[in-house]
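This report concerns only the one structure given below.
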Amino acid sequence: VDTRADVTVSVDVGHDLASLKYSGSLSFSSDAKYQGVNPHVKGKIDFDNTQVSYGIDVTLDQEAVRLAGAVKQYMKTPDIELNVTSKSLNIDNLLAMAAGLGGGLAKHPEPSRKTSVPSSNGEKKAVQSIGSQLPAGLKAHGQVRIDEAMYKNLPVRDFQLDYLLENNILTVSRFITKTAGGEIRKNVEMDLNQVDLAYKGTVEVKAIQMDQLQAGLFPKIPERLYGALSTHLTFSGAGIKWPALADKLNMSGDYSLSDGQLQNVDIAKTIAQAVGLNELKDIQFNDFSGNMQILEGKLRLKYQMDGQDVDIASERGTISLDGTAVSLPFRLTFSPMVSEKLQQRSSLVSYLSDEKGQTTLQLKVTGSVRKPLVTLDSSG
């Protein structure tokens with residue numbers, strides 16, 4: 001590590017120690033080398049009796065970040081401002097560097113440390129909330145602005161985040177970013193006073209191209225979903241681990257997927273097999289919209305799909321969040337061309353056709369997400 005620093009300090013003693021005043025500045029520059037990583041840090045810190053202000057530039061390989069802000073009342077109850085800005089940031093590269101550093105540290109592991117200590121009667125101490133472990137009266141706030149970023153090969157533009165931590169309540173009042181051809185906006189409030197982290201907020205998605213999003217975030221999932229997704233959701237819950245999260249997560253909202261296609265989806269393949277039409281296993285649609293609700297560990301759906309070969313509508317349906325239970329009654333309305341193919345397989349289909357040549361079937365999907373079962377729905 002090569003570090004250079006320049007410090008200036010002025011002191012006014014006054015009449016006594018209580019009236020002591022001081023101020024100063026620290027300019028510094030540091031270069032380091034470790035495991036092939038060469039970070040460069042340069043900045044300036046100004047300080048006096050009441051606050052410390054700072055501006056620090058960090059460069060790591062091709063990544064550059066500026067940290068700026070202040071710490072007020074640092075001798076009493078700290079009020080921290082931290083702003084982060086960057087023109088371009090490749091998160092994939094940073095994670096790869098961090099993994100490399102971790103591998104180097106693993107060669108020289110420190111002695112293991114116990115994360116919990118039994119009480120005198122042999123029982124484990126109660127788990128503490130995050131808020132109880134923070135300094136009393138701590139306040140923190142700031143902004144994050146990143147012009148361009150890359151995460152899992154997914155380009156992200158105009159990332160904006162505003163946050164406030166006060167009374168152990170973390171509020172993200174602004175979260176806006178553009179990615180996958182669309183835009184994501186959300187806000188969230190997290191109560192750090194609760195042992196099971198409690199949260200609530202909203203999410204708004206505008207015209208996100210699902211195939212781009214899935215290719216970046218979930219490339220190994222065999223099912224493929226195409227189309228532009230728009231949605232507005234409100235949510236609340238507590239905890240972040242399954243299966244407890246499933247019982248405490250609440251969510252509701254509307255959604256719309258336009259100009260899309262379902263590929264390699266088990267439920268669609270099962271429907272195609274049930275009606276004997278292989279071309280329905282990959283369903284193309286103009287619009288797939290409806291509303292959803294997550295409550296008591298179940299996803300409740302109401303939707304209508306305007307497809308090229310078939311329209312699908314359902315007034316009710318439930319899927320357990322663990323995917324083990326499915327109950328999806330729905331109505332299939334086949335186009336005249338598909339209806340004609342169905343009539344060639346069964347003369348009974350002709351009795352289900354209307355004057356426009358469309359055929360309607362009432363079906364129901366039960367079983368599980370991975371092993372769906374399609375039957376005729378006699379409940380109407």
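In the structure tokens, each chain is lettered A, B, ... as it comes, each chain's residues begin at 1, and ligands are numbered from 1 in order of appearance.
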Taking the DSSP secondary structure from the backbone, can you list the residues of range 15-239 of chain A that are alpha helix (DSSP H), as JSON, numbers by chain?
{"A": [91, 92, 93, 94, 95, 96, 97, 98, 99, 100, 101, 102, 103, 104, 105, 106, 210, 211, 212, 213, 214, 215, 216, 217]}
Requested write-out: all heavy atoms of the selected residues, as a short mmCIF file (atom, residue, chain, number, x, y, z; two decimals), in the first residue's frame:
```cif
data_model
loop_
_atom_site.label_atom_id
_atom_site.label_comp_id
_atom_site.auth_asym_id
_atom_site.auth_seq_id
_atom_site.Cartn_x
_atom_site.Cartn_y
_atom_site.Cartn_z
N ILE A 91 -21.10 -4.20 -12.46
CA ILE A 91 -21.25 -4.94 -11.21
C ILE A 91 -20.73 -6.36 -11.36
O ILE A 91 -20.19 -6.94 -10.41
CB ILE A 91 -22.72 -4.92 -10.77
CG1 ILE A 91 -23.17 -3.47 -10.55
CG2 ILE A 91 -22.93 -5.71 -9.49
CD1 ILE A 91 -24.64 -3.31 -10.23
N ASP A 92 -20.87 -6.92 -12.55
CA ASP A 92 -20.35 -8.28 -12.78
C ASP A 92 -18.84 -8.33 -12.53
O ASP A 92 -18.33 -9.27 -11.91
CB ASP A 92 -20.65 -8.72 -14.22
CG ASP A 92 -22.14 -8.86 -14.48
OD1 ASP A 92 -22.88 -9.13 -13.51
OD2 ASP A 92 -22.57 -8.70 -15.62
N ASN A 93 -18.12 -7.32 -13.03
CA ASN A 93 -16.67 -7.28 -12.82
C ASN A 93 -16.33 -7.13 -11.34
O ASN A 93 -15.41 -7.79 -10.83
CB ASN A 93 -16.05 -6.11 -13.59
CG ASN A 93 -15.94 -6.40 -15.08
OD1 ASN A 93 -16.12 -7.54 -15.51
ND2 ASN A 93 -15.66 -5.37 -15.86
N LEU A 94 -17.07 -6.27 -10.62
CA LEU A 94 -16.80 -6.07 -9.20
C LEU A 94 -17.05 -7.34 -8.40
O LEU A 94 -16.28 -7.68 -7.49
CB LEU A 94 -17.68 -4.93 -8.67
CG LEU A 94 -17.38 -3.53 -9.23
CD1 LEU A 94 -18.37 -2.53 -8.68
CD2 LEU A 94 -15.95 -3.11 -8.88
N LEU A 95 -18.12 -8.06 -8.73
CA LEU A 95 -18.41 -9.32 -8.03
C LEU A 95 -17.34 -10.36 -8.32
O LEU A 95 -16.96 -11.14 -7.43
CB LEU A 95 -19.78 -9.84 -8.45
CG LEU A 95 -20.99 -9.01 -7.99
CD1 LEU A 95 -22.27 -9.58 -8.55
CD2 LEU A 95 -21.05 -8.94 -6.47
N ALA A 96 -16.83 -10.37 -9.56
CA ALA A 96 -15.76 -11.31 -9.90
C ALA A 96 -14.48 -10.99 -9.13
O ALA A 96 -13.79 -11.89 -8.65
CB ALA A 96 -15.50 -11.28 -11.41
N MET A 97 -14.19 -9.68 -8.99
CA MET A 97 -13.01 -9.28 -8.20
C MET A 97 -13.18 -9.68 -6.74
O MET A 97 -12.25 -10.18 -6.10
CB MET A 97 -12.80 -7.78 -8.32
CG MET A 97 -12.39 -7.29 -9.69
SD MET A 97 -12.21 -5.49 -9.72
CE MET A 97 -12.03 -5.20 -11.49
N ALA A 98 -14.38 -9.45 -6.21
CA ALA A 98 -14.65 -9.79 -4.82
C ALA A 98 -14.50 -11.29 -4.59
O ALA A 98 -13.98 -11.74 -3.57
CB ALA A 98 -16.04 -9.33 -4.42
N ALA A 99 -14.96 -12.08 -5.57
CA ALA A 99 -14.82 -13.53 -5.46
C ALA A 99 -13.35 -13.93 -5.47
O ALA A 99 -12.92 -14.82 -4.73
CB ALA A 99 -15.56 -14.21 -6.60
N GLY A 100 -12.54 -13.23 -6.29
CA GLY A 100 -11.12 -13.51 -6.32
C GLY A 100 -10.44 -13.16 -5.01
O GLY A 100 -9.59 -13.91 -4.51
N LEU A 101 -10.83 -12.03 -4.42
CA LEU A 101 -10.27 -11.66 -3.12
C LEU A 101 -10.67 -12.66 -2.05
O LEU A 101 -9.90 -13.02 -1.18
CB LEU A 101 -10.74 -10.25 -2.73
CG LEU A 101 -10.19 -9.09 -3.57
CD1 LEU A 101 -10.84 -7.80 -3.15
CD2 LEU A 101 -8.68 -9.01 -3.45
N GLY A 102 -11.91 -13.11 -2.12
CA GLY A 102 -12.38 -14.10 -1.16
C GLY A 102 -11.59 -15.39 -1.24
O GLY A 102 -11.28 -16.01 -0.24
N GLY A 103 -11.26 -15.77 -2.49
CA GLY A 103 -10.47 -16.98 -2.65
C GLY A 103 -9.09 -16.84 -2.05
O GLY A 103 -8.54 -17.77 -1.46
N GLY A 104 -8.52 -15.60 -2.16
CA GLY A 104 -7.22 -15.39 -1.56
C GLY A 104 -7.26 -15.43 -0.05
O GLY A 104 -6.39 -15.99 0.61
N LEU A 105 -8.32 -14.87 0.52
CA LEU A 105 -8.45 -14.87 1.97
C LEU A 105 -8.70 -16.26 2.50
O LEU A 105 -8.31 -16.60 3.62
CB LEU A 105 -9.60 -13.94 2.39
CG LEU A 105 -9.37 -12.44 2.13
CD1 LEU A 105 -10.64 -11.66 2.43
CD2 LEU A 105 -8.21 -11.92 2.96
N ALA A 106 -9.36 -17.09 1.67
CA ALA A 106 -9.68 -18.45 2.12
C ALA A 106 -8.43 -19.29 2.34
O ALA A 106 -8.45 -20.27 3.06
CB ALA A 106 -10.59 -19.13 1.09
N MET A 210 -39.63 -9.40 -21.18
CA MET A 210 -39.40 -10.51 -20.27
C MET A 210 -38.28 -11.44 -20.73
O MET A 210 -37.57 -12.02 -19.92
CB MET A 210 -40.69 -11.30 -20.07
CG MET A 210 -41.77 -10.53 -19.33
SD MET A 210 -41.20 -9.96 -17.70
CE MET A 210 -40.89 -11.52 -16.88
N ASP A 211 -38.12 -11.64 -22.03
CA ASP A 211 -37.06 -12.53 -22.51
C ASP A 211 -35.68 -11.97 -22.18
O ASP A 211 -34.76 -12.72 -21.81
CB ASP A 211 -37.19 -12.79 -24.01
CG ASP A 211 -37.15 -11.51 -24.84
OD1 ASP A 211 -37.73 -10.50 -24.40
OD2 ASP A 211 -36.52 -11.52 -25.90
N GLN A 212 -35.52 -10.63 -22.28
CA GLN A 212 -34.24 -10.02 -21.92
C GLN A 212 -33.98 -10.13 -20.42
O GLN A 212 -32.86 -10.43 -19.99
CB GLN A 212 -34.23 -8.55 -22.34
CG GLN A 212 -34.36 -8.31 -23.83
CD GLN A 212 -34.33 -6.83 -24.18
OE1 GLN A 212 -33.71 -6.01 -23.49
NE2 GLN A 212 -35.02 -6.47 -25.26
N LEU A 213 -35.02 -9.89 -19.62
CA LEU A 213 -34.88 -9.97 -18.17
C LEU A 213 -34.55 -11.40 -17.73
O LEU A 213 -33.67 -11.62 -16.90
CB LEU A 213 -36.17 -9.50 -17.51
CG LEU A 213 -36.12 -9.24 -16.01
CD1 LEU A 213 -35.24 -8.04 -15.70
CD2 LEU A 213 -37.52 -9.02 -15.45
N GLN A 214 -35.24 -12.36 -18.31
CA GLN A 214 -35.01 -13.75 -17.94
C GLN A 214 -33.64 -14.23 -18.37
O GLN A 214 -32.97 -14.96 -17.63
CB GLN A 214 -36.09 -14.65 -18.55
CG GLN A 214 -36.00 -16.10 -18.11
CD GLN A 214 -37.12 -16.94 -18.67
OE1 GLN A 214 -37.99 -16.46 -19.37
NE2 GLN A 214 -37.09 -18.22 -18.38
N ALA A 215 -33.19 -13.83 -19.55
CA ALA A 215 -31.88 -14.25 -20.03
C ALA A 215 -30.76 -13.76 -19.11
O ALA A 215 -29.75 -14.45 -18.92
CB ALA A 215 -31.65 -13.73 -21.45
N GLY A 216 -30.96 -12.58 -18.51
CA GLY A 216 -29.93 -12.06 -17.62
C GLY A 216 -30.01 -12.61 -16.21
O GLY A 216 -29.00 -13.02 -15.64
N LEU A 217 -31.23 -12.67 -15.64
CA LEU A 217 -31.38 -13.02 -14.23
C LEU A 217 -31.64 -14.51 -14.00
O LEU A 217 -31.24 -15.06 -12.98
CB LEU A 217 -32.51 -12.20 -13.61
CG LEU A 217 -32.35 -10.68 -13.66
CD1 LEU A 217 -33.51 -10.00 -12.95
CD2 LEU A 217 -31.02 -10.24 -13.05
#
```
Can you pull out every residue within 10 Å of Leu164 in chain A, counting only C-alpha atoms, but drop anything in the same chain fewer than 5 positions away, and send it as a VMD selection string?
chain A and resid 80 to 81 139 to 143 169 to 173 189
Would you mind listing what lies within 6 Å of Leu301 in chain A as a count of residues only, with only C-alpha atoms counted and same-chain residues fewer than 4 positions away left out?
3
Selection: 8 Å around Lys281 in chain A, only C-alpha atoms, excl. self and same-chain fewer than 3 positions, as a PDB file with C-alpha atoms, in the first residue's frame:
```pdb
ATOM      1  CA  GLN A 263     -42.588 -21.565 -24.489  1.00  0.00           C
ATOM      2  CA  ASN A 264     -41.837 -24.864 -22.782  1.00  0.00           C
ATOM      3  CA  VAL A 265     -44.353 -24.236 -19.981  1.00  0.00           C
ATOM      4  CA  ALA A 268     -49.403 -25.158 -21.654  1.00  0.00           C
ATOM      5  CA  LYS A 269     -47.928 -28.486 -22.820  1.00  0.00           C
ATOM      6  CA  THR A 270     -50.453 -30.375 -20.705  1.00  0.00           C
ATOM      7  CA  ILE A 271     -53.343 -28.386 -22.221  1.00  0.00           C
ATOM      8  CA  ALA A 272     -52.037 -29.097 -25.737  1.00  0.00           C
ATOM      9  CA  GLN A 273     -51.844 -32.785 -24.947  1.00  0.00           C
ATOM     10  CA  LEU A 277     -53.209 -30.118 -30.605  1.00  0.00           C
ATOM     11  CA  ASN A 278     -49.416 -29.996 -30.484  1.00  0.00           C
TER      12      ASN A 278
END
```
Would you mind telling me which residue in A:Ile146, A:Gly181, A:Phe330, A:Gln133 lies nearest to Asn168 in chain A when using only C-alpha atoms?
A:Gln133
Return the single residue from A:Val203, A:Ala325, A:Leu257, A:Leu154 that is closest to Gly227 in chain A, with distances computed using only C-alpha atoms.
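Comparing A:Val203, A:Ala325, A:Leu257, A:Leu154 against Gly227 in chain A, the winner is A:Leu257.
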Neighbour list for Arg370 in chain A as a PyMOL selection string, cut-off 9 Å, only C-alpha atoms, skip fewer than 5 positions in-chain
chain A and resi 266-267+323-324
Would you mind exporting all heavy atoms of the selected residues as an mmCIF file, in the first residue's frame?
```cif
data_model
loop_
_atom_site.group_PDB
_atom_site.id
_atom_site.type_symbol
_atom_site.label_atom_id
_atom_site.label_comp_id
_atom_site.auth_asym_id
_atom_site.auth_seq_id
_atom_site.Cartn_x
_atom_site.Cartn_y
_atom_site.Cartn_z
ATOM 1 N N ASP A 266 -44.980 -26.163 -18.625
ATOM 2 C CA ASP A 266 -45.619 -27.461 -18.384
ATOM 3 C C ASP A 266 -47.135 -27.399 -18.505
ATOM 4 O O ASP A 266 -47.761 -28.295 -19.079
ATOM 5 C CB ASP A 266 -45.224 -27.990 -17.002
ATOM 6 C CG ASP A 266 -43.765 -28.432 -16.945
ATOM 7 O OD1 ASP A 266 -43.226 -28.756 -18.016
ATOM 8 O OD2 ASP A 266 -43.185 -28.448 -15.851
ATOM 9 N N ILE A 267 -47.745 -26.351 -17.947
ATOM 10 C CA ILE A 267 -49.201 -26.254 -17.996
ATOM 11 C C ILE A 267 -49.692 -26.126 -19.432
ATOM 12 O O ILE A 267 -50.666 -26.767 -19.840
ATOM 13 C CB ILE A 267 -49.680 -25.068 -17.142
ATOM 14 C CG1 ILE A 267 -49.451 -25.370 -15.653
ATOM 15 C CG2 ILE A 267 -51.157 -24.776 -17.394
ATOM 16 C CD1 ILE A 267 -49.861 -24.249 -14.728
ATOM 17 N N GLY A 323 -45.623 -24.151 -5.106
ATOM 18 C CA GLY A 323 -45.880 -24.856 -6.353
ATOM 19 C C GLY A 323 -46.455 -26.245 -6.228
ATOM 20 O O GLY A 323 -46.614 -26.948 -7.232
ATOM 21 N N THR A 324 -46.790 -26.677 -5.018
ATOM 22 C CA THR A 324 -47.248 -28.052 -4.821
ATOM 23 C C THR A 324 -48.744 -28.222 -5.056
ATOM 24 O O THR A 324 -49.217 -29.359 -5.194
ATOM 25 C CB THR A 324 -46.921 -28.532 -3.404
ATOM 26 O OG1 THR A 324 -47.558 -27.667 -2.449
ATOM 27 C CG2 THR A 324 -45.414 -28.509 -3.170
#
```
Taking only C-alpha atoms into account, which of A:Arg145, A:Lys341, A:Lys186, A:Arg331 comes nearest Leu89 in chain A?
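Of A:Arg145, A:Lys341, A:Lys186, A:Arg331, the one nearest Leu89 in chain A is A:Arg145, counting only C-alpha atoms.
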For Phe288 in chain A, find every residue with an atom within 6 Å (counting only C-alpha atoms), except residues of its own chain fewer than 4 positions away, and show them as a list of chain:residue names.
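Near Phe288 in chain A, the qualifying residues are A:Ser256, A:Leu257, A:Gln304, A:Met305.
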Please provide as a VMD selection string all residues within 8 Å of Gly297 in chain A, with the sequence filter that same-chain residues fewer than 6 positions apart are discarded (counting only C-alpha atoms).
chain A and resid 246 to 249 320 to 321
Write out as a PDB file with C-alpha atoms, in the first residue's frame all residues of range 63-94 of chain A that DSSP puts in strand (DSSP E) for this structure's backbone.
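Produced file selection31.pdb, reproduced below:
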```pdb
ATOM      1  CA  GLU A  63     -14.770   1.078 -12.425  1.00  0.00           C
ATOM      2  CA  ALA A  64     -14.971   4.535 -10.836  1.00  0.00           C
ATOM      3  CA  VAL A  65     -17.225   5.653  -7.978  1.00  0.00           C
ATOM      4  CA  ARG A  66     -17.456   8.941  -6.081  1.00  0.00           C
ATOM      5  CA  LEU A  67     -18.538   9.006  -2.427  1.00  0.00           C
ATOM      6  CA  ALA A  68     -19.554  12.380  -1.007  1.00  0.00           C
ATOM      7  CA  GLY A  69     -21.420  13.621   2.030  1.00  0.00           C
ATOM      8  CA  ALA A  70     -21.029  14.574   5.658  1.00  0.00           C
ATOM      9  CA  VAL A  71     -21.355  13.294   9.220  1.00  0.00           C
ATOM     10  CA  LYS A  72     -23.017  15.794  11.542  1.00  0.00           C
ATOM     11  CA  ASP A  79     -26.379  12.140  11.207  1.00  0.00           C
ATOM     12  CA  ILE A  80     -24.722  10.551   8.176  1.00  0.00           C
ATOM     13  CA  GLU A  81     -25.120  11.688   4.582  1.00  0.00           C
ATOM     14  CA  LEU A  82     -23.673   9.377   1.937  1.00  0.00           C
ATOM     15  CA  ASN A  83     -24.128  10.029  -1.775  1.00  0.00           C
ATOM     16  CA  VAL A  84     -22.807   7.637  -4.419  1.00  0.00           C
ATOM     17  CA  THR A  85     -22.337   8.568  -8.082  1.00  0.00           C
ATOM     18  CA  SER A  86     -20.814   6.813 -11.065  1.00  0.00           C
ATOM     19  CA  LYS A  87     -20.809   7.312 -14.806  1.00  0.00           C
ATOM     20  CA  SER A  88     -20.418   3.624 -15.557  1.00  0.00           C
ATOM     21  CA  LEU A  89     -20.274   0.586 -13.297  1.00  0.00           C
ATOM     22  CA  ASN A  90     -19.881  -3.076 -14.221  1.00  0.00           C
TER      23      ASN A  90
END
```
One number please: CA of Glu223 in chain A to CA of Glu183 in chain A, in Å, one decimal.
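Between these atoms lies a distance of 23.3 Å.
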Can you work out which one of A:Phe334, A:Phe159, A:Trp242, A:Tyr255 has the shortest atom-to-atom distance to Leu229 in chain A, counting only C-alpha atoms?
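Among the listed residues, the smallest separation from Leu229 in chain A belongs to A:Tyr255.
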